[in-house]
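Quick notes on the structure that follows.
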Amino acid sequence: MQDQGQAEQAWYQQDPKDQRDEGDRALRKLDPLTVRPRISSLVLCLVFGLLMLAASVGVWWLAIYTVSGQSYDDMVISNFKGFVEQVPLIKAYLGIFTMPNVAIGMCILVGLIALVVVLVRKRWWLLGQVAAYSLLAYLVGRVLKRVLPRPLLINVQSTKENSAPSGHTIMAVTAILVLLYVVPRVWRALVALIGFVFTLSVGCSLVLGGWHRPADVVMAILLAGGLGLIMLAFTRSSGMDLPGTRMSSASVQIVSTMMMTLGILGTLYAVFVIWQISSGLEMGAMWTFYGAHCSAVILIASLLSLLIGLALAMRQVTASPLTRLGLVGEPPAPPRED
């Protein structure tokens with residue numbers, strides 16, 4: 001008893017930081033998921049991220065090295081303004097984002113909000129994660145735009161220079177994913193929905209303004225999304241929710257499932273339409289006009305929906321693993337018979 005009392009007294013005389021470290025070690029021993037996400041969740045983030053990066057390479061190759069791809073891009077970017085003018089309300093709305101520096105200013109504002117949130121929550125590892133992700137996404141976009149070739153397979157009406165990937169789209173997707181990753185659980189579903197509307201507006205406005213081809217926007221979505229998911233694979237304890245706040249979220253489950261489902265179905269439909277009109281694209285046939293423009297909008301919207309829904313789900317499983325201490329409403333264990 002005397003030894004136990006001396007041990008307790010020695011513990012209380014410890015530095016508060018040492019006490020917290022000892023408490024963390026005790027929690028880690030009791031349940032490792034209190035201090036790290038599930039390994040399977042981290043692996044999933046890495047796999048999904050690499051798949052998106054591979055898809056971005058595939059989109060670029062199809063758009064650059066096939067006649068149908070170049071014809072599709074050139075048809076959409078050259079005539080998208082006339083296509084949108086048929087709906088004046090949408091034209092007026094997208095026109096806001098075509099104004100110089102409006103999209104950039106909004107992205108900076110979103111980034112500042114995310115910075116304030118992560119500082120208030122004191123998630124220092126998460127701050128390093130999103131900072132490294134933002135810098136890497138920016139550098140990848142800048143470097144690729146300078147080094148990627150663009151052979152001319154057709155006589156294009158738009159610019160002959162390479163414009164892939166879209167830097168504005170990378171900035172918009174990166175800003176929204178950063179905010180999605182740093183906000184508390186209760187805000188994630190709402191940020192995902194607002195982020196989808198914002199990034200879709202930016203992507204379509206770039207095509208409307210004649211600054212980027214559809215493939216540039218799609219490639220940027222996949223690049224920024226892939227890097228963002230890979231970033232989640234490096235989540236550690238300070239990037240997670242506190243054990244007492246870890247629980248399943250109906251809003252996250254509903255919104256992420258809905259966005260991923262619609263994203264997959266919409267992507268498949270857009271690809272089907274492009275495949276259907278591919279024979280007419282090489283000849284520049286007018287009957288491909290509406291199919292090309294509608295499929296471009298659907299493809300951009302669907303990939304954004306798929307990406308943000310997937311990011312929402314992966315953020316939940318890396319930030320809120322259901323530990324033994326975090327389970328709510330767990331049924332009582334049956335009595336043990338001696």
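Letters for chains follow the order of the structure tokens (A, B, ...), residue numbers begin at 1 for each chain, and ligand numbers begin at 1 in the order shown.
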
A:Ala296 surroundings by only C-alpha atoms, 10 Å radius, close-in-sequence under 4 positions cut, as a list in words: Tyr72, Asp73, Val76, Ile77, Phe80, Cys204, Val207, Arg213, Pro214, Ala215, Val217, Val218, Ala270, Val271, Val273, Ile274, Tyr290, Gly291, Ala292, Ile300, Ala301 and Ser302 of chain A

For A:Ile176: contacts at 12 Å, only C-alpha atoms, fewer than 5 positions along chain excluded, given as a ChimeraX atom specification: /A:106-114,130,134,169-171,181-183,188,190-200,202,221,224-225,228,304,307-308,311-312

Output file for the residues above (N, CA and C atoms, as a compact mmCIF listing (two decimals), in the first residue's frame):
# COMPACT_ATOMS: atom_id res chain seq x y z
N MET A 106 -12.19 33.87 -54.27
CA MET A 106 -13.02 32.95 -53.50
C MET A 106 -12.20 31.79 -52.95
N CYS A 107 -11.27 31.27 -53.74
CA CYS A 107 -10.42 30.18 -53.29
C CYS A 107 -9.54 30.62 -52.12
N ILE A 108 -9.01 31.83 -52.21
CA ILE A 108 -8.19 32.36 -51.11
C ILE A 108 -9.02 32.51 -49.84
N LEU A 109 -10.26 32.98 -49.99
CA LEU A 109 -11.15 33.11 -48.83
C LEU A 109 -11.42 31.76 -48.19
N VAL A 110 -11.70 30.75 -49.01
CA VAL A 110 -11.93 29.40 -48.48
C VAL A 110 -10.68 28.90 -47.77
N GLY A 111 -9.51 29.15 -48.35
CA GLY A 111 -8.27 28.72 -47.73
C GLY A 111 -8.02 29.39 -46.39
N LEU A 112 -8.34 30.68 -46.28
CA LEU A 112 -8.18 31.39 -45.02
C LEU A 112 -9.13 30.86 -43.95
N ILE A 113 -10.36 30.55 -44.36
CA ILE A 113 -11.32 29.95 -43.41
C ILE A 113 -10.78 28.62 -42.90
N ALA A 114 -10.25 27.81 -43.81
CA ALA A 114 -9.69 26.52 -43.41
C ALA A 114 -8.52 26.70 -42.46
N VAL A 130 -2.33 19.54 -44.90
CA VAL A 130 -3.03 20.34 -45.90
C VAL A 130 -2.10 21.37 -46.54
N SER A 134 -1.51 21.39 -50.52
CA SER A 134 -1.78 22.59 -51.31
C SER A 134 -0.57 22.97 -52.15
N THR A 169 -8.95 25.24 -61.76
CA THR A 169 -9.71 24.10 -61.24
C THR A 169 -8.95 23.40 -60.12
N ILE A 170 -7.65 23.23 -60.30
CA ILE A 170 -6.84 22.63 -59.24
C ILE A 170 -6.94 23.46 -57.96
N MET A 171 -6.88 24.78 -58.11
CA MET A 171 -6.98 25.65 -56.94
C MET A 171 -8.33 25.51 -56.25
N TYR A 181 -11.45 18.72 -45.09
CA TYR A 181 -10.60 17.90 -44.23
C TYR A 181 -10.41 18.49 -42.83
N VAL A 182 -10.52 19.82 -42.71
CA VAL A 182 -10.18 20.42 -41.41
C VAL A 182 -11.40 20.72 -40.54
N VAL A 183 -12.60 20.80 -41.13
CA VAL A 183 -13.77 21.15 -40.31
C VAL A 183 -14.19 19.96 -39.44
N ARG A 188 -18.99 18.58 -42.17
CA ARG A 188 -18.38 18.01 -43.38
C ARG A 188 -19.38 17.81 -44.52
N LEU A 190 -22.16 19.44 -45.16
CA LEU A 190 -22.55 20.75 -45.71
C LEU A 190 -21.43 21.32 -46.57
N VAL A 191 -20.19 21.22 -46.09
CA VAL A 191 -19.05 21.71 -46.88
C VAL A 191 -18.95 20.96 -48.20
N ALA A 192 -19.23 19.67 -48.18
CA ALA A 192 -19.17 18.87 -49.41
C ALA A 192 -20.19 19.37 -50.44
N LEU A 193 -21.41 19.65 -50.01
CA LEU A 193 -22.44 20.11 -50.93
C LEU A 193 -22.12 21.49 -51.49
N ILE A 194 -21.73 22.41 -50.61
CA ILE A 194 -21.37 23.76 -51.06
C ILE A 194 -20.14 23.70 -51.96
N GLY A 195 -19.18 22.86 -51.59
CA GLY A 195 -17.97 22.73 -52.40
C GLY A 195 -18.25 22.20 -53.79
N PHE A 196 -19.21 21.29 -53.89
CA PHE A 196 -19.57 20.77 -55.22
C PHE A 196 -20.10 21.88 -56.12
N VAL A 197 -21.00 22.69 -55.59
CA VAL A 197 -21.57 23.79 -56.38
C VAL A 197 -20.49 24.77 -56.79
N PHE A 198 -19.60 25.10 -55.87
CA PHE A 198 -18.53 26.07 -56.16
C PHE A 198 -17.57 25.56 -57.22
N THR A 199 -17.06 24.35 -57.05
CA THR A 199 -16.09 23.82 -58.00
C THR A 199 -16.70 23.58 -59.38
N LEU A 200 -17.97 23.16 -59.41
CA LEU A 200 -18.65 22.98 -60.70
C LEU A 200 -18.79 24.32 -61.41
N VAL A 202 -16.83 26.94 -61.10
CA VAL A 202 -15.51 27.35 -61.58
C VAL A 202 -15.14 26.56 -62.84
N ILE A 221 -9.39 18.05 -62.05
CA ILE A 221 -10.21 17.47 -60.98
C ILE A 221 -9.59 16.18 -60.48
N ALA A 224 -6.04 16.93 -58.62
CA ALA A 224 -6.18 17.51 -57.29
C ALA A 224 -6.88 16.52 -56.35
N GLY A 225 -7.89 15.80 -56.86
CA GLY A 225 -8.57 14.82 -56.03
C GLY A 225 -7.69 13.66 -55.64
N GLY A 228 -5.26 14.77 -53.04
CA GLY A 228 -5.95 14.99 -51.77
C GLY A 228 -6.24 13.69 -51.04
N LEU A 304 -16.76 15.55 -60.26
CA LEU A 304 -16.69 16.34 -59.03
C LEU A 304 -17.53 15.70 -57.93
N LEU A 307 -15.69 12.58 -56.72
CA LEU A 307 -14.50 12.93 -55.94
C LEU A 307 -14.87 13.45 -54.55
N ILE A 308 -15.76 14.43 -54.49
CA ILE A 308 -16.09 15.04 -53.20
C ILE A 308 -16.81 14.04 -52.29
N ALA A 311 -14.07 11.76 -51.06
CA ALA A 311 -13.24 12.46 -50.07
C ALA A 311 -13.98 12.60 -48.75
N LEU A 312 -15.28 12.86 -48.81
CA LEU A 312 -16.08 12.97 -47.58
C LEU A 312 -16.08 11.65 -46.82

Considering only C-alpha atoms, state which residue in the set A:Met240, A:Met283, A:Leu306, A:Leu46 is at the smallest distance from A:Asn155.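 Of A:Met240, A:Met283, A:Leu306, A:Leu46, the one nearest A:Asn155, counting only C-alpha atoms, is A:Met283.
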
For atom CA of A:Asp241 and atom CA of A:Tyr133, the interatomic separation in Å (one decimal):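 Separation of atom CA of A:Asp241 and atom CA of A:Tyr133: 19.9 Å.
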
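If only C-alpha atoms are the atoms counted, then among A:Val140, A:Val67, A:Leu179, A:Leu51 the closest residue to A:Leu229 is A:Leu51.
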
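The nearest approach to A:Leu115 among the residues A:Leu180, A:Ala137, A:Val252, A:Met314, with only C-alpha atoms taken into account, belongs to A:Leu180.
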
Among A:Tyr93, A:Met286, A:Asn162, A:Gly309, A:Ala63 is approached most closely, using only C-alpha atoms, by A:Asn162

Near A:Thr288, within 7 Å and counting only C-alpha atoms, which residues show up once chain neighbours fewer than 5 positions away are dropped, as a PyMOL selection string? chain A and resi 277+280-281

Got time to write the residues from that selection, all heavy atoms, as a PDB file, in the first residue's frame?
ATOM      1  N   ILE A 277     -21.075   9.502 -80.085  1.00  0.00           N
ATOM      2  CA  ILE A 277     -20.867  10.561 -81.078  1.00  0.00           C
ATOM      3  C   ILE A 277     -19.441  10.574 -81.626  1.00  0.00           C
ATOM      4  O   ILE A 277     -19.105  11.443 -82.442  1.00  0.00           O
ATOM      5  CB  ILE A 277     -21.185  11.942 -80.467  1.00  0.00           C
ATOM      6  CG1 ILE A 277     -20.203  12.284 -79.347  1.00  0.00           C
ATOM      7  CG2 ILE A 277     -22.621  11.993 -79.953  1.00  0.00           C
ATOM      8  CD1 ILE A 277     -20.376  13.686 -78.778  1.00  0.00           C
ATOM      9  N   GLY A 280     -18.825  10.883 -85.414  1.00  0.00           N
ATOM     10  CA  GLY A 280     -19.108  12.178 -86.025  1.00  0.00           C
ATOM     11  C   GLY A 280     -18.148  13.265 -85.611  1.00  0.00           C
ATOM     12  O   GLY A 280     -18.027  14.295 -86.307  1.00  0.00           O
ATOM     13  N   LEU A 281     -17.449  13.078 -84.500  1.00  0.00           N
ATOM     14  CA  LEU A 281     -16.521  14.097 -84.029  1.00  0.00           C
ATOM     15  C   LEU A 281     -15.379  14.309 -85.006  1.00  0.00           C
ATOM     16  O   LEU A 281     -14.958  15.445 -85.253  1.00  0.00           O
ATOM     17  CB  LEU A 281     -15.960  13.709 -82.654  1.00  0.00           C
ATOM     18  CG  LEU A 281     -16.924  13.795 -81.472  1.00  0.00           C
ATOM     19  CD1 LEU A 281     -16.283  13.217 -80.222  1.00  0.00           C
ATOM     20  CD2 LEU A 281     -17.348  15.239 -81.228  1.00  0.00           C
TER      21      LEU A 281
END

Please extract the residues of stretch 119-230 of chain A with a backbone DSSP assignment of alpha helix (DSSP H) and present them as a PyMOL selection string. chain A and resi 119-121+124-147+167-182+185-208+214-230

Work out how far atom CA of A:Ile90 is from atom CA of A:Val178, in Å to one decimal.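 Going from atom CA of A:Val178 over to atom CA of A:Ile90 covers 27.6 Å.
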
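Each of A:Val118, A:Val317, A:Leu136, A:Val59 was compared to A:Ser248 using only C-alpha atoms, and A:Val317 turns out to be the nearest.
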
Taking into account only C-alpha atoms, which residue in the set A:Thr267, A:Gln276, A:Ser320, A:Thr235 is nearest to A:Trp125? A:Thr235

With a distance cut-off of 10 Å and only C-alpha atoms, select the neighbouring residues of A:Pro149, excluding the residue or stretch itself and same-chain residues fewer than 4 positions from it, and output the selection as number ranges by chain. A: 64-65, 144-145, 161-164
